[in-house]
Amino acid sequence: MPELPPTPRALRLGVAGPVGTGKSSLIATVCRALATELRLGVITNDIYTDEDARFLRSAGVLEPDRIRAVETGACPHTAIRDDITTNLLAVEDLERDFAPLDVVLIESGGDNLTATFSPALVDAQIFVLDVAGGGDVARKGGPGIGRADLLVVNKTDLAPYVGVDVAQMVADAEAARDGRAVLALSRHDPASIAVLRAWVLTILANHRAGTHIAQDPGPMAPHFHADEEHPEGGFIHSHAEGVPTAGHEHSRAHAGAEMTTNE
């Protein structure tokens with residue numbers, strides 16, 4: 001592959017998806033595949049811990065100081081979409097400390113199917129599902145599934161044990177995405193890792209050439225917040241663009257949403 005020209009700042013690549021789908025594992029896979037040829041950094045997001053950062057440091061995929069943790073203290077989507085200040089500062093600090101970097105991977109905390117990154121934070125987004133979550137999950141749609149730059153159907157090696165037809169799950173994902181990229185991935189499958197590696201390098205080359213434009217997958221869908229003080233026991237909240245979020249208490253329980261501090 002020809003040498004890429006320099007870029008004024010790193011490609012910022014967001015990795016989102018429900019809890020347990022393997023976001024940290026995917027980032028570790030990217031680091032192992034590219035650390036010898038690219039200068040990488042990682043920002044993780046957890047609610048109250050630095051568990052994901054510690055997992056990646058212990059895996060030895062990068063120098064420990066190149067892996068930084070953000071503790072959001074609220075629902076994971078808050079810090080990747082509603083108020084990205086903490087993550088932006090973490091990315092800028094990392095890029096300053098290790099300049100120049102080629103790629104910074106930003107991992108969201110485990111959230112539900114509607115979570116997406118602000119395009120002001122990342123240049124491209126990967127949304128991660130896994131076969132253990134059910135073969136029908138890709139058909140459920142949502143902005144991450146439908147419009148992220150890449151949808152990864154992860155842990156395909158587990159499919160025989162959970163009764164999932166990977167080919168059908170990928171076909172459903174492709175139908176939901178109108179032709180956007182879908183990758184069936186296993187960290188034990190070198191061929192799928194090679195495809196992931198090539199995808200990252202292509203996005204990086206386009207970023208450096210100025211031909212990649214960050215896309216907004218769209219705001220989170222309206223969702224229910226439990227609230228005993230509300231006359232009906234809760235309220236529907238929308239993250240539509242332009243809707244003020246100041247004063248919105250994200251620490252309330254999300255009924256029906258998959259929330260966790262780490263993977």
# chains A, B, ... in the order shown; residues from 1 in each chain; ligands from 1

$ select_by_dssp --residues "range 38-166 of chain A" --states "strand (DSSP E)" --output "list in words"
Leu40, Gly41, Val42, Ile43, Thr44, Asn45, Asp46, Ile67, Arg68, Ala69, Val70, Glu71, Val103, Val104, Leu105, Ile106, Glu107, Ala124, Gln125, Ile126, Phe127, Val128, Leu129, Asp130, Leu150, Leu151, Val152, Val153 and Asn154 of chain A

$ select_by_dssp --residues "range 66-178 of chain A" --states "alpha helix (DSSP H)" --output "mmCIF file with C-alpha atoms, in the first residue's frame"
data_model
loop_
_atom_site.group_PDB
_atom_site.id
_atom_site.type_symbol
_atom_site.label_atom_id
_atom_site.label_comp_id
_atom_site.auth_asym_id
_atom_site.auth_seq_id
_atom_site.Cartn_x
_atom_site.Cartn_y
_atom_site.Cartn_z
ATOM 1 C CA PRO A 76 -23.429 6.511 27.930
ATOM 2 C CA HIS A 77 -24.971 8.465 25.077
ATOM 3 C CA THR A 85 -16.967 18.235 25.870
ATOM 4 C CA THR A 86 -15.257 15.666 28.089
ATOM 5 C CA ASN A 87 -14.540 13.340 25.192
ATOM 6 C CA LEU A 88 -13.297 16.145 22.956
ATOM 7 C CA LEU A 89 -10.898 17.304 25.663
ATOM 8 C CA ALA A 90 -9.676 13.733 26.187
ATOM 9 C CA VAL A 91 -9.076 13.272 22.448
ATOM 10 C CA GLU A 92 -7.281 16.600 22.108
ATOM 11 C CA ASP A 93 -5.079 15.845 25.132
ATOM 12 C CA LEU A 94 -4.209 12.424 23.711
ATOM 13 C CA GLU A 95 -3.378 13.876 20.286
ATOM 14 C CA ARG A 96 -1.241 16.585 21.876
ATOM 15 C CA ASP A 97 0.648 14.167 24.112
ATOM 16 C CA PRO A 143 -29.947 4.982 13.569
ATOM 17 C CA GLY A 144 -26.793 3.075 14.520
ATOM 18 C CA ILE A 145 -27.795 -0.098 12.705
ATOM 19 C CA GLY A 146 -29.167 1.761 9.704
ATOM 20 C CA ARG A 147 -26.679 4.542 9.137
ATOM 21 C CA ALA A 159 -23.223 -18.758 16.045
ATOM 22 C CA PRO A 160 -23.431 -22.576 16.198
ATOM 23 C CA TYR A 161 -23.810 -22.416 19.981
ATOM 24 C CA VAL A 162 -26.644 -19.859 19.976
ATOM 25 C CA VAL A 166 -24.900 -15.679 10.284
ATOM 26 C CA ALA A 167 -25.605 -15.396 6.558
ATOM 27 C CA GLN A 168 -29.254 -14.560 7.270
ATOM 28 C CA MET A 169 -28.313 -12.049 9.985
ATOM 29 C CA VAL A 170 -25.910 -10.328 7.580
ATOM 30 C CA ALA A 171 -28.570 -10.312 4.846
ATOM 31 C CA ASP A 172 -31.059 -8.723 7.261
ATOM 32 C CA ALA A 173 -28.440 -6.133 8.234
ATOM 33 C CA GLU A 174 -27.706 -5.318 4.592
ATOM 34 C CA ALA A 175 -31.419 -4.869 3.920
ATOM 35 C CA ALA A 176 -31.715 -2.528 6.921
ATOM 36 C CA ARG A 177 -28.715 -0.484 5.743
#

$ closest_residue --among "A:Gly163, A:Pro100, A:Gly41, A:Pro217" --to "Ile27 in chain A" --atoms "only C-alpha atoms"
A:Gly41

$ residues_around --residues "Arg39 in chain A" --least-positions-apart "5" --cutoff "8 Å" --atoms "only C-alpha atoms" --output "list in words"
Pro100, Leu101, Asp102 and Val103 of chain A

$ atom_distance --atom1 "CA of Ala181 in chain A" --atom2 "CA of Asp149 in chain A"
6.9 Å

$ residues_around --residues "range 191-201 of chain A" --least-positions-apart "4" --cutoff "9 Å" --atoms "only C-alpha atoms" --output "PDB file with N, CA and C atoms, in the first residue's frame"
ATOM      1  N   LEU A  13     -12.499   7.680  15.233  1.00  0.00           N
ATOM      2  CA  LEU A  13     -13.374   6.582  14.849  1.00  0.00           C
ATOM      3  C   LEU A  13     -14.160   6.109  16.066  1.00  0.00           C
ATOM      4  N   THR A  29      -8.748  -5.749  18.585  1.00  0.00           N
ATOM      5  CA  THR A  29      -8.447  -6.383  17.300  1.00  0.00           C
ATOM      6  C   THR A  29      -7.884  -5.373  16.311  1.00  0.00           C
ATOM      7  N   VAL A  30      -8.496  -4.190  16.250  1.00  0.00           N
ATOM      8  CA  VAL A  30      -7.987  -3.133  15.361  1.00  0.00           C
ATOM      9  C   VAL A  30      -6.563  -2.755  15.755  1.00  0.00           C
ATOM     10  N   ALA A  33      -4.071  -5.354  14.713  1.00  0.00           N
ATOM     11  CA  ALA A  33      -3.914  -5.434  13.259  1.00  0.00           C
ATOM     12  C   ALA A  33      -3.130  -4.263  12.685  1.00  0.00           C
ATOM     13  N   LEU A  34      -3.138  -3.116  13.376  1.00  0.00           N
ATOM     14  CA  LEU A  34      -2.599  -1.898  12.767  1.00  0.00           C
ATOM     15  C   LEU A  34      -1.520  -1.190  13.575  1.00  0.00           C
ATOM     16  N   LEU A 150     -20.063   1.634   9.318  1.00  0.00           N
ATOM     17  CA  LEU A 150     -19.864   0.188   9.240  1.00  0.00           C
ATOM     18  C   LEU A 150     -20.674  -0.477  10.334  1.00  0.00           C
ATOM     19  N   LEU A 183     -20.039  -6.139   8.084  1.00  0.00           N
ATOM     20  CA  LEU A 183     -18.937  -7.080   8.222  1.00  0.00           C
ATOM     21  C   LEU A 183     -19.265  -8.128   9.273  1.00  0.00           C
ATOM     22  N   ALA A 184     -19.229  -9.402   8.880  1.00  0.00           N
ATOM     23  CA  ALA A 184     -19.321 -10.514   9.831  1.00  0.00           C
ATOM     24  C   ALA A 184     -17.916 -10.767  10.359  1.00  0.00           C
ATOM     25  N   LEU A 185     -17.732 -10.629  11.672  1.00  0.00           N
ATOM     26  CA  LEU A 185     -16.390 -10.615  12.258  1.00  0.00           C
ATOM     27  C   LEU A 185     -16.255 -11.618  13.387  1.00  0.00           C
ATOM     28  N   SER A 186     -15.113 -12.283  13.405  1.00  0.00           N
ATOM     29  CA  SER A 186     -14.685 -13.048  14.574  1.00  0.00           C
ATOM     30  C   SER A 186     -13.216 -12.743  14.803  1.00  0.00           C
ATOM     31  N   ARG A 187     -12.848 -12.536  16.036  1.00  0.00           N
ATOM     32  CA  ARG A 187     -11.443 -12.259  16.322  1.00  0.00           C
ATOM     33  C   ARG A 187     -10.567 -13.484  16.083  1.00  0.00           C
ATOM     34  N   ALA A 205      -7.465   6.827   4.631  1.00  0.00           N
ATOM     35  CA  ALA A 205      -6.982   7.426   3.387  1.00  0.00           C
ATOM     36  C   ALA A 205      -7.947   8.483   2.875  1.00  0.00           C
ATOM     37  N   ASN A 206      -9.251   8.198   2.951  1.00  0.00           N
ATOM     38  CA  ASN A 206     -10.247   9.182   2.512  1.00  0.00           C
ATOM     39  C   ASN A 206     -10.254  10.407   3.414  1.00  0.00           C
TER      40      ASN A 206
END

$ atom_distance --atom1 "CA of Leu204 in chain A" --atom2 "CA of Val152 in chain A"
18.0 Å

$ closest_atom_pairs --of "range 113-187 of chain A" --to "range 80-83 of chain A" --cutoff "9 Å" --atoms "only C-alpha atoms" --output "JSON lines"
{"residue": "A:Ala115", "atom": "CA", "partner": "A:Arg81", "partner_atom": "CA", "distance": 8.4}
{"residue": "A:Thr116", "atom": "CA", "partner": "A:Arg81", "partner_atom": "CA", "distance": 6.8}
{"residue": "A:Phe117", "atom": "CA", "partner": "A:Ile80", "partner_atom": "CA", "distance": 5.1}
{"residue": "A:Ser118", "atom": "CA", "partner": "A:Arg81", "partner_atom": "CA", "distance": 4.6}
{"residue": "A:Pro119", "atom": "CA", "partner": "A:Arg81", "partner_atom": "CA", "distance": 8.4}
{"residue": "A:Ala120", "atom": "CA", "partner": "A:Arg81", "partner_atom": "CA", "distance": 8.6}
{"residue": "A:Leu121", "atom": "CA", "partner": "A:Ile80", "partner_atom": "CA", "distance": 7.2}
{"residue": "A:Val122", "atom": "CA", "partner": "A:Ile80", "partner_atom": "CA", "distance": 8.9}
